[in-house]
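Here's the structure we're looking at; comments come further down.
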Amino acid sequence: MNKKVRVRFAPSPTGGLHLGGVRTVLYNYLFARKHGGDFVLRIEDTDQTRFVPGAEEYIYDCLEWCGLSPDESPLKGGPFVPYKQSERKSGYKKYAEQLVAAGHAYYAFDTPEELEHMRNAYRVDAHSTAQYDKNTRTKMRNSLTLSAEETKTLIENGTPHVVRIKVPENQTIVCNDMIRGVTQFDSNLVDDKVLLKADGMPTYHLAVVVDDYLMKITHAFRGEEWLPSAPVHMLLWDYLGWKDEMPQWAHLPLILKPDGNGKLSKRDGERLGFPVFAMKWHDPIKNETTSGFREMGFLPEAFINMLAMLGWNDGTGTEIFSLQELVEKFSIERVHKGGAKFDFEKAKWFNHQYIQNKSAAELVPLVRPYMPEAHAGADSSLLEQVIGLIKDRCSLLKDFWVQGSFFFETPVITELQAVKDKWSDTKKVFFEQFAAALKTTTDFNHAALEQMFGTMATEAGLKKGDVMLPLRIMLVGGKFGPGVFNIVEVIGCDEACKRIALAIDALA
Ligand code: GLU
């Protein structure tokens, strides 16, 4: 590779970023870093009917959370400003005109009604409509069927018109893809896509080719759903005379539903109870909020690691990679052709690994935002102690509250029945004496407390095992949590005695 590597992520800001979108960012980023290249973020917002307030900002925030910051972007600037297509609007028209002049594109004046008529009148298959192509273009109102004079007059009179590409007949269009090799397209099946709309705005097809060229993009990686558009793009690169500058392509495999049955959608997440967006997204138009991995308590490093493995591996079976290791190991040729099934349990496994690898002190600021407001200001050393005791039970940052709320609040006892069934006067007296002993002991640490508890149980003629579960349920509310004497040590004498007394009352 002698040219400097330049890749781009070119989202249309229409909503939250799906897992697949973030993975496209990631593979672009890794490739750029590995080859000492540039990673460009370009906002493709030429379709103003799809404008959604907040969607662009969401993309910036999302890349920042993921730690995948671009080298050039609308926020950062760069040598090819502006990086937002709506701000580049005036630049595209001349390329459309150039294509018309060379006979590779034409003006089309058809009204929406005429287009609708064409779709129905010329269909060959009862199940699908006709497209604007070699078969139908001859029957429409465009600069191919009208005389030069008529065309000129229509344009001068301000008749609304678009520019369409004239797709050639009987050609095989070849896309050489770094992942899937040679893909061939029959030009007879490709329609004459609109390149420039009536409002003078380019469509995605024209804008993406022009900007990839002007921004000197060397490699274009995007989702597989764009493969059907590839032949139009190949033709444009050729017709604009830029073939030698065309980027190398890679169409990334789809991320599939857990059962492998089709592309993973937002709806699947809602149905199966997991997020498919990186961060929470609120759509102000539909007034709809969609949950995100961040809010669920994923660490960005774990999220990124998990995403990297959805469609790639290094061949050794290793699954845990830091971003730096991914940069070193990643290669686009090792990206799989087939779709990757998303498995939420596996995603949580990744997060669990990353949580375990952090110290309790490192986790304090990460867990804090997932605490309910009343405890968000909890003492850091208390939080650290609690995190240290429960982190092996936590896969998500939000699990810390679920697993540890009883350290901060007197719990509601949900499993009283488990104690009640075997409750006795002897046990009642034992717990009263244990609470009294807690108040007088000078050695308030878990090992000493356990020792004291054991001795007292024997003296009362009870088996330690018979009073351990009741103690846990008194303190925790249920049959879970870390070592019960660690809990006593952390919540302290007053709180432990209070909970024991409350439970004794409830059992009476
Ligand atoms: N604007 C397209 C999108 O929304 C970009 C596709 C491409 O990378 O060519 O994903």
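Following the order of the structure tokens, first chain is A, next is B, and so on, with residues numbered from 1 inside each chain and ligands from 1 in the order they appear.
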Original post:
Do you know which residues are at most 12 Å from region 435-446 of chain A counting only C-alpha atoms, after dropping those on the same chain fewer than 3 positions away, and could you put them as an MDAnalysis selection string?
Top reply: chainID A and resid 428:432 449:453 455:456 471 474 482:504
**OP:** Around ligand 1, at most 6 Å away and counting only C-alpha atoms and all ligand atoms, which residues are there? Put them as a list in words, please.
**Re:**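 Written in the requested form, the residues are Ala10, Pro11, Ser12, Glu44 and Arg222 of chain A.
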Would you save the residues of that selection, restricted to N, CA and C atoms, as a PDB file, in the first residue's frame?
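Saved file again-v1.pdb follows:
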```
ATOM      1  N   ALA A  10     -19.718   6.684   7.240  1.00  0.00           N
ATOM      2  CA  ALA A  10     -20.536   7.712   6.596  1.00  0.00           C
ATOM      3  C   ALA A  10     -22.013   7.537   6.921  1.00  0.00           C
ATOM      4  N   PRO A  11     -22.368   7.720   8.170  1.00  0.00           N
ATOM      5  CA  PRO A  11     -23.760   7.450   8.539  1.00  0.00           C
ATOM      6  C   PRO A  11     -24.733   8.534   8.084  1.00  0.00           C
ATOM      7  N   SER A  12     -25.961   8.101   7.847  1.00  0.00           N
ATOM      8  CA  SER A  12     -27.050   9.051   7.661  1.00  0.00           C
ATOM      9  C   SER A  12     -27.692   9.200   9.047  1.00  0.00           C
ATOM     10  N   GLU A  44     -23.811  11.909   6.246  1.00  0.00           N
ATOM     11  CA  GLU A  44     -24.510  11.864   4.955  1.00  0.00           C
ATOM     12  C   GLU A  44     -25.977  12.228   5.162  1.00  0.00           C
ATOM     13  N   ARG A 222     -18.399  -1.038   4.630  1.00  0.00           N
ATOM     14  CA  ARG A 222     -19.763  -0.724   5.015  1.00  0.00           C
ATOM     15  C   ARG A 222     -20.560  -2.016   5.114  1.00  0.00           C
TER      16      ARG A 222
END
```
**OP:** Please identify which residues in region 107-203 of chain A DSSP calls strand (DSSP E or B) from the backbone, and express them as a list in words.
**Re:**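 So the strand (DSSP E or B) residues in region 107-203 of chain A would be Tyr107, Ala108, Asn142, Val162, Val163, Arg164, Ile165, Thr172, Ile173, Val174, Cys175, Asn176, Asp177, Gly181, Val182, Thr183, Gln184, Phe185, Asp186, Val194, Leu195, Leu196 and Pro202 of chain A.
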Subject >> Nearest to Thr159 (chain A) by atom-to-atom distance, counting only C-alpha atoms, from A:Asp505, A:Asp199, A:Asp47, A:Asp212 >> reply: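 For Thr159 (chain A), the nearest of the given residues is A:Asp199.
When only C-alpha atoms are used to measure the gap to Phe31 (chain A), the shortest distance among A:Glu97, A:Asp392, A:Glu333, A:Glu362 belongs to A:Glu333.
If you count only C-alpha atoms and ignore residues fewer than 5 places along the chain from Asp45 (chain A), what sits within 9 Å of it is Pro11, Ser12, Pro13, Thr14, Arg50, Phe51, Lys84, Gln85, Ser86 and Tyr204 of chain A.
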**OP:** Would you work out the distance separating CA of Pro79 (chain A) from CA of Gln324 (chain A), expressed in Å to one decimal?
**Re:**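 Taking CA of Pro79 (chain A) and CA of Gln324 (chain A), their separation equals 26.6 Å.
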**OP:** Name all residues at most 7 Å from region 386-390 of chain A (count only C-alpha atoms; drop same-chain ones fewer than 3 positions away) and give them as a list of chain:residue names.
**Re:**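 The contact residues come out as A:Ala360, A:Leu382, A:Leu383, A:Arg393, A:Cys394, A:Gln403, A:Pro482.
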